[in-house]
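J.: For reference, the file upload_29.cif (mmCIF, C-alpha atoms and all ligand atoms; chains and numbers go by the auth columns) is included below:
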```cif
data_coords
loop_
_atom_site.group_PDB
_atom_site.id
_atom_site.type_symbol
_atom_site.label_atom_id
_atom_site.label_comp_id
_atom_site.label_asym_id
_atom_site.label_seq_id
_atom_site.Cartn_x
_atom_site.Cartn_y
_atom_site.Cartn_z
_atom_site.B_iso_or_equiv
_atom_site.auth_seq_id
_atom_site.auth_asym_id
ATOM 1 C CA MET A 1 260.173 71.130 3.605 0.00 2 A
ATOM 2 C CA ASN A 2 263.603 70.763 5.157 0.00 3 A
ATOM 3 C CA LYS A 3 263.622 71.793 8.756 0.00 4 A
ATOM 4 C CA GLN A 4 264.304 75.453 9.480 0.00 5 A
ATOM 5 C CA ASP A 5 266.565 75.853 12.523 0.00 6 A
ATOM 6 C CA TRP A 6 265.698 78.969 14.450 0.00 7 A
ATOM 7 C CA SER A 7 268.197 80.797 16.597 0.00 8 A
ATOM 8 C CA ALA A 8 266.596 83.540 18.664 0.00 9 A
ATOM 9 C CA THR A 9 269.916 85.416 18.724 0.00 10 A
ATOM 10 C CA THR A 10 270.407 85.395 14.925 0.00 11 A
ATOM 11 C CA TYR A 11 266.753 86.251 14.475 0.00 12 A
ATOM 12 C CA ALA A 12 267.024 89.242 16.798 0.00 13 A
ATOM 13 C CA GLN A 13 270.049 90.523 14.848 0.00 14 A
ATOM 14 C CA ASN A 14 268.695 90.078 11.331 0.00 15 A
ATOM 15 C CA ALA A 15 264.928 90.088 11.587 0.00 16 A
ATOM 16 C CA ARG A 16 263.792 92.471 14.319 0.00 17 A
ATOM 17 C CA PHE A 17 262.000 94.364 11.534 0.00 18 A
ATOM 18 C CA VAL A 18 259.538 91.460 11.191 0.00 19 A
ATOM 19 C CA ALA A 19 257.912 92.279 14.541 0.00 20 A
ATOM 20 C CA ASP A 20 258.336 96.040 14.089 0.00 21 A
ATOM 21 C CA LEU A 21 256.422 95.896 10.803 0.00 22 A
ATOM 22 C CA GLY A 22 253.719 93.739 12.406 0.00 23 A
ATOM 23 C CA VAL A 23 252.309 96.576 14.495 0.00 24 A
ATOM 24 C CA PRO A 24 249.536 97.415 11.938 0.00 25 A
ATOM 25 C CA VAL A 25 248.201 93.885 12.463 0.00 26 A
ATOM 26 C CA LEU A 26 247.856 94.643 16.180 0.00 27 A
ATOM 27 C CA ASP A 27 245.866 97.730 15.202 0.00 28 A
ATOM 28 C CA LEU A 28 243.589 95.561 13.048 0.00 29 A
ATOM 29 C CA LEU A 29 243.099 93.142 15.951 0.00 30 A
ATOM 30 C CA GLN A 30 242.092 95.896 18.401 0.00 31 A
ATOM 31 C CA PRO A 31 242.764 93.807 21.516 0.00 32 A
ATOM 32 C CA LYS A 32 240.709 94.686 24.572 0.00 33 A
ATOM 33 C CA LYS A 33 241.775 94.568 28.204 0.00 34 A
ATOM 34 C CA GLY A 34 241.133 91.162 29.746 0.00 35 A
ATOM 35 C CA GLU A 35 240.652 89.303 26.461 0.00 36 A
ATOM 36 C CA GLN A 36 242.128 85.821 26.114 0.00 37 A
ATOM 37 C CA ILE A 37 244.391 85.949 23.064 0.00 38 A
ATOM 38 C CA LEU A 38 246.527 83.294 21.378 0.00 39 A
ATOM 39 C CA ASP A 39 249.617 84.495 19.501 0.00 40 A
ATOM 40 C CA LEU A 40 250.132 81.779 16.891 0.00 41 A
ATOM 41 C CA GLY A 41 253.797 81.600 15.873 0.00 42 A
ATOM 42 C CA CYS A 42 254.886 84.016 18.582 0.00 43 A
ATOM 43 C CA GLY A 43 258.611 83.796 17.799 0.00 44 A
ATOM 44 C CA ASP A 44 260.661 85.539 20.480 0.00 45 A
ATOM 45 C CA GLY A 45 257.530 87.204 21.872 0.00 46 A
ATOM 46 C CA ALA A 46 258.118 90.801 20.699 0.00 47 A
ATOM 47 C CA LEU A 47 254.478 91.280 19.643 0.00 48 A
ATOM 48 C CA THR A 48 253.129 88.925 22.320 0.00 49 A
ATOM 49 C CA GLU A 49 254.632 91.321 24.841 0.00 50 A
ATOM 50 C CA LYS A 50 252.874 94.262 23.190 0.00 51 A
ATOM 51 C CA LEU A 51 249.558 92.380 23.445 0.00 52 A
ATOM 52 C CA ALA A 52 250.206 91.725 27.133 0.00 53 A
ATOM 53 C CA ASP A 53 251.092 95.402 27.650 0.00 54 A
ATOM 54 C CA MET A 54 247.722 96.296 26.095 0.00 55 A
ATOM 55 C CA GLY A 55 246.016 94.319 28.868 0.00 56 A
ATOM 56 C CA ALA A 56 245.291 91.021 27.101 0.00 57 A
ATOM 57 C CA ASN A 57 245.828 87.648 28.749 0.00 58 A
ATOM 58 C CA VAL A 58 248.020 86.216 26.060 0.00 59 A
ATOM 59 C CA ILE A 59 249.499 82.795 25.391 0.00 60 A
ATOM 60 C CA GLY A 60 252.161 82.463 22.711 0.00 61 A
ATOM 61 C CA VAL A 61 252.872 79.236 20.851 0.00 62 A
ATOM 62 C CA ASP A 62 255.730 78.498 18.487 0.00 63 A
ATOM 63 C CA GLY A 63 257.318 75.409 16.966 0.00 64 A
ATOM 64 C CA SER A 64 260.814 76.498 17.949 0.00 65 A
ATOM 65 C CA ALA A 65 262.034 75.760 21.490 0.00 66 A
ATOM 66 C CA ASP A 66 264.727 78.441 21.131 0.00 67 A
ATOM 67 C CA MET A 67 262.156 81.099 20.263 0.00 68 A
ATOM 68 C CA VAL A 68 259.831 79.988 23.060 0.00 69 A
ATOM 69 C CA ALA A 69 262.718 80.237 25.547 0.00 70 A
ATOM 70 C CA ALA A 70 263.339 83.819 24.351 0.00 71 A
ATOM 71 C CA ALA A 71 259.641 84.646 24.758 0.00 72 A
ATOM 72 C CA ARG A 72 259.601 83.149 28.260 0.00 73 A
ATOM 73 C CA ALA A 73 262.638 85.251 29.146 0.00 74 A
ATOM 74 C CA ARG A 74 260.337 88.259 28.633 0.00 75 A
ATOM 75 C CA GLY A 75 258.075 86.815 31.336 0.00 76 A
ATOM 76 C CA LEU A 76 255.455 85.601 28.852 0.00 77 A
ATOM 77 C CA ASP A 77 253.359 82.424 28.903 0.00 78 A
ATOM 78 C CA ALA A 78 254.852 80.757 25.820 0.00 79 A
ATOM 79 C CA ARG A 79 254.651 77.112 24.819 0.00 80 A
ATOM 80 C CA VAL A 80 256.277 74.905 22.204 0.00 81 A
ATOM 81 C CA MET A 81 253.450 73.775 19.935 0.00 82 A
ATOM 82 C CA ASP A 82 253.015 72.959 16.238 0.00 83 A
ATOM 83 C CA GLY A 83 250.534 75.416 14.742 0.00 84 A
ATOM 84 C CA GLN A 84 249.306 72.590 12.514 0.00 85 A
ATOM 85 C CA ASN A 85 248.282 70.625 15.593 0.00 86 A
ATOM 86 C CA LEU A 86 246.917 73.146 18.081 0.00 87 A
ATOM 87 C CA GLY A 87 245.559 71.746 21.333 0.00 88 A
ATOM 88 C CA PHE A 88 242.976 74.327 22.442 0.00 89 A
ATOM 89 C CA ASP A 89 239.201 74.165 22.673 0.00 90 A
ATOM 90 C CA ARG A 90 236.995 77.325 22.730 0.00 91 A
ATOM 91 C CA GLU A 91 239.448 79.172 24.961 0.00 92 A
ATOM 92 C CA PHE A 92 240.241 82.401 23.114 0.00 93 A
ATOM 93 C CA ASP A 93 238.490 85.630 22.198 0.00 94 A
ATOM 94 C CA ALA A 94 241.012 86.122 19.421 0.00 95 A
ATOM 95 C CA VAL A 95 243.867 84.395 17.624 0.00 96 A
ATOM 96 C CA PHE A 96 246.602 86.679 16.301 0.00 97 A
ATOM 97 C CA SER A 97 249.433 85.734 13.964 0.00 98 A
ATOM 98 C CA ASN A 98 252.229 87.727 12.340 0.00 99 A
ATOM 99 C CA ALA A 99 254.724 86.386 9.789 0.00 100 A
ATOM 100 C CA ALA A 100 254.311 82.780 10.879 0.00 101 A
ATOM 101 C CA LEU A 101 251.536 81.081 8.913 0.00 102 A
ATOM 102 C CA HIS A 102 253.624 80.777 5.729 0.00 103 A
ATOM 103 C CA TRP A 103 255.900 78.368 7.614 0.00 104 A
ATOM 104 C CA MET A 104 252.947 75.982 8.132 0.00 105 A
ATOM 105 C CA PRO A 105 252.172 74.266 4.819 0.00 106 A
ATOM 106 C CA ASP A 106 249.155 72.341 6.158 0.00 107 A
ATOM 107 C CA ALA A 107 247.023 75.482 6.166 0.00 108 A
ATOM 108 C CA SER A 108 243.804 73.534 6.464 0.00 109 A
ATOM 109 C CA ALA A 109 244.971 71.943 9.727 0.00 110 A
ATOM 110 C CA VAL A 110 246.034 75.371 11.018 0.00 111 A
ATOM 111 C CA VAL A 111 242.691 77.018 10.285 0.00 112 A
ATOM 112 C CA ALA A 112 240.757 74.030 11.707 0.00 113 A
ATOM 113 C CA GLY A 113 242.824 74.304 14.920 0.00 114 A
ATOM 114 C CA VAL A 114 242.226 78.054 15.139 0.00 115 A
ATOM 115 C CA ALA A 115 238.467 77.578 14.629 0.00 116 A
ATOM 116 C CA LYS A 116 238.466 75.045 17.485 0.00 117 A
ATOM 117 C CA ALA A 117 240.600 77.264 19.728 0.00 118 A
ATOM 118 C CA LEU A 118 238.262 80.251 19.399 0.00 119 A
ATOM 119 C CA LYS A 119 235.096 80.945 21.325 0.00 120 A
ATOM 120 C CA PRO A 120 232.089 81.380 18.989 0.00 121 A
ATOM 121 C CA GLY A 121 232.271 84.903 17.568 0.00 122 A
ATOM 122 C CA GLY A 122 236.036 85.029 18.220 0.00 123 A
ATOM 123 C CA ARG A 123 238.416 86.816 15.837 0.00 124 A
ATOM 124 C CA PHE A 124 241.262 85.471 13.720 0.00 125 A
ATOM 125 C CA VAL A 125 243.496 88.329 12.595 0.00 126 A
ATOM 126 C CA GLY A 126 246.857 87.965 10.963 0.00 127 A
ATOM 127 C CA GLU A 127 249.431 88.683 8.345 0.00 128 A
ATOM 128 C CA MET A 128 251.638 86.313 6.388 0.00 129 A
ATOM 129 C CA GLY A 129 253.492 86.091 3.111 0.00 130 A
ATOM 130 C CA GLY A 130 251.056 86.134 0.203 0.00 131 A
ATOM 131 C CA GLN A 131 251.213 85.148 -3.471 0.00 132 A
ATOM 132 C CA GLY A 132 254.428 86.530 -5.003 0.00 133 A
ATOM 133 C CA ASN A 133 256.169 87.067 -1.657 0.00 134 A
ATOM 134 C CA VAL A 134 259.984 87.240 -1.990 0.00 135 A
ATOM 135 C CA ALA A 135 259.531 86.069 -5.592 0.00 136 A
ATOM 136 C CA ALA A 136 262.888 87.403 -6.751 0.00 137 A
ATOM 137 C CA ILE A 137 264.690 85.564 -3.941 0.00 138 A
ATOM 138 C CA VAL A 138 262.847 82.326 -4.685 0.00 139 A
ATOM 139 C CA THR A 139 263.617 82.685 -8.403 0.00 140 A
ATOM 140 C CA ALA A 140 267.316 83.257 -7.716 0.00 141 A
ATOM 141 C CA PHE A 141 267.473 80.053 -5.640 0.00 142 A
ATOM 142 C CA ARG A 142 265.635 78.107 -8.357 0.00 143 A
ATOM 143 C CA ALA A 143 268.139 79.313 -10.941 0.00 144 A
ATOM 144 C CA ALA A 144 271.207 78.605 -8.780 0.00 145 A
ATOM 145 C CA LEU A 145 269.986 75.125 -7.761 0.00 146 A
ATOM 146 C CA HIS A 146 268.888 74.189 -11.289 0.00 147 A
ATOM 147 C CA ALA A 147 272.252 75.288 -12.738 0.00 148 A
ATOM 148 C CA ARG A 148 273.955 72.770 -10.414 0.00 149 A
ATOM 149 C CA GLY A 149 271.689 69.882 -11.390 0.00 150 A
ATOM 150 C CA HIS A 150 269.448 70.056 -8.308 0.00 151 A
ATOM 151 C CA ASN A 151 265.678 70.090 -8.176 0.00 152 A
ATOM 152 C CA PRO A 152 264.930 73.832 -8.507 0.00 153 A
ATOM 153 C CA ASP A 153 262.250 73.522 -5.837 0.00 154 A
ATOM 154 C CA HIS A 154 264.631 71.933 -3.332 0.00 155 A
ATOM 155 C CA GLY A 155 263.820 73.368 0.075 0.00 156 A
ATOM 156 C CA PHE A 156 260.892 75.505 -0.992 0.00 157 A
ATOM 157 C CA GLY A 157 258.079 74.892 1.456 0.00 158 A
ATOM 158 C CA TRP A 158 256.545 78.289 2.153 0.00 159 A
ATOM 159 C CA PHE A 159 252.807 78.749 1.815 0.00 160 A
ATOM 160 C CA PHE A 160 252.094 82.063 0.071 0.00 161 A
ATOM 161 C CA PRO A 161 248.405 81.970 -0.896 0.00 162 A
ATOM 162 C CA THR A 162 246.331 84.464 -2.834 0.00 163 A
ATOM 163 C CA ALA A 163 243.817 86.505 -0.836 0.00 164 A
ATOM 164 C CA GLU A 164 240.969 84.667 -2.578 0.00 165 A
ATOM 165 C CA ALA A 165 242.342 81.209 -1.745 0.00 166 A
ATOM 166 C CA TYR A 166 242.914 82.088 1.915 0.00 167 A
ATOM 167 C CA ALA A 167 239.474 83.700 2.241 0.00 168 A
ATOM 168 C CA ALA A 168 237.926 80.534 0.788 0.00 169 A
ATOM 169 C CA LEU A 169 239.861 78.387 3.271 0.00 170 A
ATOM 170 C CA LEU A 170 238.651 80.520 6.176 0.00 171 A
ATOM 171 C CA ALA A 171 235.044 80.384 4.943 0.00 172 A
ATOM 172 C CA ALA A 172 235.277 76.592 4.570 0.00 173 A
ATOM 173 C CA HIS A 173 236.165 76.379 8.275 0.00 174 A
ATOM 174 C CA GLY A 174 233.243 78.465 9.463 0.00 175 A
ATOM 175 C CA PHE A 175 234.676 81.984 9.402 0.00 176 A
ATOM 176 C CA THR A 176 233.083 85.155 8.087 0.00 177 A
ATOM 177 C CA VAL A 177 235.920 86.993 6.346 0.00 178 A
ATOM 178 C CA ARG A 178 235.954 90.750 7.008 0.00 179 A
ATOM 179 C CA GLN A 179 239.194 91.448 5.146 0.00 180 A
ATOM 180 C CA ALA A 180 241.697 89.532 3.039 0.00 181 A
ATOM 181 C CA THR A 181 244.094 91.738 1.086 0.00 182 A
ATOM 182 C CA LEU A 182 247.447 91.353 -0.648 0.00 183 A
ATOM 183 C CA ILE A 183 249.771 94.249 0.209 0.00 184 A
ATOM 184 C CA PRO A 184 253.076 94.672 -1.679 0.00 185 A
ATOM 185 C CA ARG A 185 255.583 95.894 0.925 0.00 186 A
ATOM 186 C CA PRO A 186 259.153 96.436 -0.322 0.00 187 A
ATOM 187 C CA THR A 187 261.130 95.776 2.847 0.00 188 A
ATOM 188 C CA TYR A 188 264.504 97.239 3.803 0.00 189 A
ATOM 189 C CA LEU A 189 266.833 94.534 5.107 0.00 190 A
ATOM 190 C CA PRO A 190 268.809 96.108 7.987 0.00 191 A
ATOM 191 C CA THR A 191 271.634 93.537 7.809 0.00 192 A
ATOM 192 C CA GLY A 192 271.510 93.222 4.036 0.00 193 A
ATOM 193 C CA LEU A 193 270.754 90.180 1.946 0.00 194 A
ATOM 194 C CA LYS A 194 273.469 88.157 3.729 0.00 195 A
ATOM 195 C CA GLY A 195 271.763 88.612 7.099 0.00 196 A
ATOM 196 C CA TRP A 196 268.379 87.690 5.630 0.00 197 A
ATOM 197 C CA LEU A 197 269.778 84.584 3.947 0.00 198 A
ATOM 198 C CA ALA A 198 271.569 83.508 7.140 0.00 199 A
ATOM 199 C CA THR A 199 268.258 83.661 9.003 0.00 200 A
ATOM 200 C CA PHE A 200 265.740 82.345 6.482 0.00 201 A
ATOM 201 C CA ALA A 201 267.416 80.460 3.614 0.00 202 A
ATOM 202 C CA GLY A 202 268.513 77.313 5.455 0.00 203 A
ATOM 203 C CA PRO A 203 265.997 74.996 3.777 0.00 204 A
ATOM 204 C CA PHE A 204 267.273 75.819 0.259 0.00 205 A
ATOM 205 C CA LEU A 205 270.784 74.722 1.237 0.00 206 A
ATOM 206 C CA ALA A 206 270.002 71.714 3.411 0.00 207 A
ATOM 207 C CA GLY A 207 271.849 68.580 2.286 0.00 208 A
ATOM 208 C CA LEU A 208 274.170 70.386 -0.134 0.00 209 A
ATOM 209 C CA PRO A 209 277.951 70.030 0.405 0.00 210 A
ATOM 210 C CA GLU A 210 279.399 73.027 2.288 0.00 211 A
ATOM 211 C CA GLY A 211 281.366 74.338 -0.723 0.00 212 A
ATOM 212 C CA GLU A 212 278.315 74.153 -2.939 0.00 213 A
ATOM 213 C CA GLN A 213 276.244 76.007 -0.346 0.00 214 A
ATOM 214 C CA GLN A 214 278.688 78.913 -0.562 0.00 215 A
ATOM 215 C CA ASP A 215 278.545 78.837 -4.386 0.00 216 A
ATOM 216 C CA VAL A 216 274.738 78.882 -4.362 0.00 217 A
ATOM 217 C CA LEU A 217 274.683 81.792 -1.901 0.00 218 A
ATOM 218 C CA ALA A 218 277.199 83.748 -3.977 0.00 219 A
ATOM 219 C CA GLU A 219 275.185 83.224 -7.144 0.00 220 A
ATOM 220 C CA VAL A 220 271.909 84.149 -5.435 0.00 221 A
ATOM 221 C CA GLU A 221 273.492 87.366 -4.149 0.00 222 A
ATOM 222 C CA TRP A 222 274.846 88.168 -7.620 0.00 223 A
ATOM 223 C CA LEU A 223 271.503 87.486 -9.319 0.00 224 A
ATOM 224 C CA LEU A 224 269.649 89.657 -6.809 0.00 225 A
ATOM 225 C CA SER A 225 272.132 92.519 -6.805 0.00 226 A
ATOM 226 C CA ARG A 226 270.327 94.039 -9.796 0.00 227 A
ATOM 227 C CA PRO A 227 266.654 93.780 -8.720 0.00 228 A
ATOM 228 C CA LEU A 228 267.009 94.160 -4.942 0.00 229 A
ATOM 229 C CA ARG A 229 270.092 96.334 -4.253 0.00 230 A
ATOM 230 C CA THR A 230 269.786 100.090 -4.509 0.00 231 A
ATOM 231 C CA ALA A 231 272.399 102.441 -5.980 0.00 232 A
ATOM 232 C CA ALA A 232 273.308 103.317 -2.382 0.00 233 A
ATOM 233 C CA GLY A 233 274.006 99.635 -1.636 0.00 234 A
ATOM 234 C CA ASP A 234 270.923 98.952 0.499 0.00 235 A
ATOM 235 C CA TRP A 235 268.942 95.749 0.055 0.00 236 A
ATOM 236 C CA ILE A 236 265.166 95.938 -0.358 0.00 237 A
ATOM 237 C CA ALA A 237 263.312 92.612 -0.457 0.00 238 A
ATOM 238 C CA ASP A 238 260.123 92.129 -2.458 0.00 239 A
ATOM 239 C CA TYR A 239 257.758 91.248 0.374 0.00 240 A
ATOM 240 C CA VAL A 240 254.044 90.830 -0.335 0.00 241 A
ATOM 241 C CA ARG A 241 251.823 90.534 2.728 0.00 242 A
ATOM 242 C CA LEU A 242 248.464 88.830 2.998 0.00 243 A
ATOM 243 C CA ARG A 243 246.561 90.611 5.752 0.00 244 A
ATOM 244 C CA PHE A 244 243.246 89.217 6.936 0.00 245 A
ATOM 245 C CA ALA A 245 240.581 89.539 9.610 0.00 246 A
ATOM 246 C CA ALA A 246 237.828 86.983 10.124 0.00 247 A
ATOM 247 C CA THR A 247 235.224 86.099 12.733 0.00 248 A
ATOM 248 C CA ARG A 248 234.298 82.570 13.760 0.00 249 A
ATOM 249 C CA ASP A 249 230.645 81.981 13.085 0.00 250 A
ATOM 250 C CA PRO A 250 228.674 81.215 16.281 0.00 251 A
HETATM 251 C C1 LIG B . 257.800 86.706 5.458 0.00 1 B
HETATM 252 O O1 LIG B . 257.629 87.229 6.560 0.00 1 B
HETATM 253 O O2 LIG B . 257.040 86.921 4.517 0.00 1 B
HETATM 254 C C2 LIG B . 258.926 85.768 5.246 0.00 1 B
HETATM 255 C C3 LIG B . 259.963 85.735 6.119 0.00 1 B
HETATM 256 C C4 LIG B . 260.973 84.859 5.912 0.00 1 B
HETATM 257 C C5 LIG B . 260.955 84.010 4.857 0.00 1 B
HETATM 258 C C6 LIG B . 259.928 84.051 3.979 0.00 1 B
HETATM 259 C C7 LIG B . 258.907 84.935 4.171 0.00 1 B
#
```
How does this structure look as structure tokens?
T.:
Amino acid sequence: MNKQDWSATTYAQNARFVADLGVPVLDLLQPKKGEQILDLGCGDGALTEKLADMGANVIGVDGSADMVAAARARGLDARVMDGQNLGFDREFDAVFSNAALHWMPDASAVVAGVAKALKPGGRFVGEMGGQGNVAAIVTAFRAALHARGHNPDHGFGWFFPTAEAYAALLAAHGFTVRQATLIPRPTYLPTGLKGWLATFAGPFLAGLPEGEQQDVLAEVEWLLSRPLRTAAGDWIADYVRLRFAATRDP
């Protein structure tokens, strides 16, 4: 996939809802005071901070230096690290992840690293985009790119598995899966489709001439104005979450 450039400032403006909507995953984790917890793909640390406030000793890791700097500015222990190449060994009671795993296409490497990072009996609890996530947005990009003679899959690198496929992956790495569920979650975009695209759609446009980027964005917005914009003018994206909870076999 083309590299996604993260700006903590843009993210905070357009995507604060991502952490806000991640609170149910914290409830599923049920962190206990004093537990060692890894927040995998911690972003700017909004949920990492909640874990710390709940009494956990939490380390956040993220591939983006800008995000890690924002997390550190909250006073958190955050480190730049590729989730596909984690460097921990039996250190954590739990690994938590919200809205990050779909950015890591080598899912097998991720799960192997999590299994190694956990103490035996440790929990892996998370939520990510699942099969069909933002399908209308992806389809609009495919159409707009194809119409201009580009590979329709240019820039698409998200990993949106089915619940069954992800459960099988977890089991193959020595986890007992307690829950793996797809949850359709139509999601209000507070800064509209434009804000969402400015934050997340970079890979689809990478390498295209500037003028063509604007044309693609305009066509994507036009195509989506029917399925995703309400009569009142609000934008609702077709998110589908994959929520899971698993325990590392001793
Ligand atoms: C998600 O959280 O599902 C997501 C966010 C941005 C781009 C794609 C998916």
J.: Quick one: residues within 7 Å of ligand LIG 1 (chain B), with all atoms listed in the file, as a ChimeraX atom specification?
T.: /A:19,100,103,129-130,134-135,159,201,240-242
J.: Near stretch 49-61 of chain A, counting only C-alpha atoms, which residues have an atom at most 7 Å away, once you skip same-chain residues fewer than 3 positions from it, shown as an MDAnalysis selection string?
T.: chainID A and resid 32:41 43 46 78:80
J.: For A:Pro106, which of A:Pro162, A:Pro204, A:Pro228, A:Gly42 is the closest residue, counting only C-alpha atoms?
T.: A:Pro162
J.: Hey, what comes out of the PyMOL selection byres (((chain A and resi 141) around 8) and not hetatm) on this file? Could you write it as a ChimeraX atom specification?
T.: /A:137-140,142-145,220-221,224-225
J.: Taking all atoms listed in the file into account, name the residue in A:Pro210, A:Pro121, A:Pro191, A:Gly203 that is nearest to A:Trp236.
T.: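 Ranked by minimum distance to A:Trp236, first place goes to A:Pro191.
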J.: So the first atom is atom CA of A:Phe161 and the second is atom CA of A:Ala70; what is the distance between them in Å, to one decimal place?
T.: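 One can read the atom CA of A:Phe161 to atom CA of A:Ala70 distance as 27.7 Å.
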J.: Point out the residue among A:Asp154, A:Asp250, A:Asp67, A:Asp21 with the least atom-to-atom distance to A:Gly175, counting all atoms listed in the file.
T.: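 Nearest to A:Gly175: A:Asp250.
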J.: Quick one: distance from atom CA of A:Leu194 to atom CA of A:Ser226 in Å, one decimal?
T.: 9.2 Å
J.: Can you measure atom CA of A:Ala172 to atom CA of A:Val96 for me? One decimal in Å is fine.
T.: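 Rounded to one decimal, the two atoms are 16.0 Å apart.
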J.: Could you state which residues are captured by the PyMOL selection byres (((chain A and resi 205) around 7) and not hetatm) in this file, as JSON, numbers by chain?
T.: {"A": [155, 156, 157, 202, 203, 204, 206, 207]}
J.: Give the answer as one residue: which of A:Lys117, A:Lys195, A:His147, A:Arg230 has the shortest atom-to-atom distance to A:Phe176, using all atoms listed in the file?
T.: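 Under the stated criterion, the closest residue is A:Lys117.
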J.: For each of A:Ser8, A:Leu102, A:Ala16, A:Ala116, take the minimum atom-to-atom distance to A:Ala66, counting only C-alpha atoms, then give the residue where this is smallest.
T.: A:Ser8
J.: Quick one: of A:Gln31, A:Asp235, A:His151, A:Ala199, who's nearest to A:Gln14, counting all atoms listed in the file?
T.: A:Ala199
J.: Report as JSON, numbers by chain the residues that result from applying the PyMOL selection byres (((chain A and resi 29) around 12) and not hetatm) to the structure here.
T.: {"A": [23, 24, 25, 26, 27, 28, 30, 31, 32, 33, 95, 97, 98, 99, 124, 125, 126, 127, 128, 179, 180, 181, 244, 245, 246, 247]}
J.: Hey, what's within 6 Å of stretch 86-92 of chain A if we count all atoms listed in the file and toss same-chain stuff fewer than 5 positions away? As an NGL selection string, please?
T.: :A and (114 or 117-120)
J.: Find the residues near A:Arg149: any atom within 10 Å, counting all atoms listed in the file, skip ones fewer than 5 places away on the same chain, and give them as a PyMOL selection string.
T.: chain A and resi 144+213+216-217
J.: Edge lengths and centre, in Å to one decimal, as lines of an AutoDock Vina configuration file: that's what I need for the box along x, y and z that holds all listed atoms of stretch 226-242 of chain A plus 5 Å on each side.
T.:
```
center_x = 262.9
center_y = 96.9
center_z = -3.5
size_x = 32.2
size_y = 22.8
size_z = 22.5
```
J.: Take stretch 185-189 of chain A, model all heavy atoms, and hand the result over as a PDB file, in the coordinates of the input.
T.:
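Result went into selection-v3.pdb, see below:
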```pdb
ATOM      1  N   PRO A 185     251.640  94.641  -1.359  1.00  0.00           N
ATOM      2  CA  PRO A 185     253.076  94.672  -1.679  1.00  0.00           C
ATOM      3  C   PRO A 185     253.791  95.575  -0.670  1.00  0.00           C
ATOM      4  O   PRO A 185     253.306  96.665  -0.387  1.00  0.00           O
ATOM      5  CB  PRO A 185     253.119  95.285  -3.087  1.00  0.00           C
ATOM      6  CG  PRO A 185     251.727  95.140  -3.618  1.00  0.00           C
ATOM      7  CD  PRO A 185     250.811  95.201  -2.435  1.00  0.00           C
ATOM      8  N   ARG A 186     254.888  95.091  -0.093  1.00  0.00           N
ATOM      9  CA  ARG A 186     255.583  95.894   0.925  1.00  0.00           C
ATOM     10  C   ARG A 186     257.103  95.737   0.755  1.00  0.00           C
ATOM     11  O   ARG A 186     257.744  94.944   1.458  1.00  0.00           O
ATOM     12  CB  ARG A 186     255.162  95.455   2.326  1.00  0.00           C
ATOM     13  CG  ARG A 186     255.593  96.427   3.438  1.00  0.00           C
ATOM     14  CD  ARG A 186     255.595  95.775   4.798  1.00  0.00           C
ATOM     15  NE  ARG A 186     256.579  94.728   4.921  1.00  0.00           N
ATOM     16  CZ  ARG A 186     256.576  93.773   5.871  1.00  0.00           C
ATOM     17  NH1 ARG A 186     255.616  93.722   6.763  1.00  0.00           N
ATOM     18  NH2 ARG A 186     257.527  92.849   5.913  1.00  0.00           N
ATOM     19  N   PRO A 187     257.691  96.484  -0.201  1.00  0.00           N
ATOM     20  CA  PRO A 187     259.153  96.436  -0.322  1.00  0.00           C
ATOM     21  C   PRO A 187     259.767  96.670   1.051  1.00  0.00           C
ATOM     22  O   PRO A 187     259.394  97.617   1.750  1.00  0.00           O
ATOM     23  CB  PRO A 187     259.456  97.594  -1.286  1.00  0.00           C
ATOM     24  CG  PRO A 187     258.180  97.813  -2.033  1.00  0.00           C
ATOM     25  CD  PRO A 187     257.070  97.479  -1.079  1.00  0.00           C
ATOM     26  N   THR A 188     260.679  95.782   1.450  1.00  0.00           N
ATOM     27  CA  THR A 188     261.130  95.776   2.847  1.00  0.00           C
ATOM     28  C   THR A 188     262.649  95.909   2.933  1.00  0.00           C
ATOM     29  O   THR A 188     263.398  95.050   2.438  1.00  0.00           O
ATOM     30  CB  THR A 188     260.666  94.466   3.531  1.00  0.00           C
ATOM     31  OG1 THR A 188     259.237  94.431   3.504  1.00  0.00           O
ATOM     32  CG2 THR A 188     261.150  94.377   4.967  1.00  0.00           C
ATOM     33  N   TYR A 189     263.074  96.981   3.579  1.00  0.00           N
ATOM     34  CA  TYR A 189     264.504  97.239   3.803  1.00  0.00           C
ATOM     35  C   TYR A 189     265.077  96.155   4.717  1.00  0.00           C
ATOM     36  O   TYR A 189     264.507  95.859   5.761  1.00  0.00           O
ATOM     37  CB  TYR A 189     264.655  98.636   4.427  1.00  0.00           C
ATOM     38  CG  TYR A 189     266.035  98.930   4.946  1.00  0.00           C
ATOM     39  CD1 TYR A 189     267.098  99.139   4.063  1.00  0.00           C
ATOM     40  CD2 TYR A 189     266.285  99.009   6.310  1.00  0.00           C
ATOM     41  CE1 TYR A 189     268.370  99.401   4.534  1.00  0.00           C
ATOM     42  CE2 TYR A 189     267.555  99.275   6.789  1.00  0.00           C
ATOM     43  CZ  TYR A 189     268.594  99.466   5.900  1.00  0.00           C
ATOM     44  OH  TYR A 189     269.858  99.712   6.365  1.00  0.00           O
TER      45      TYR A 189
END
```
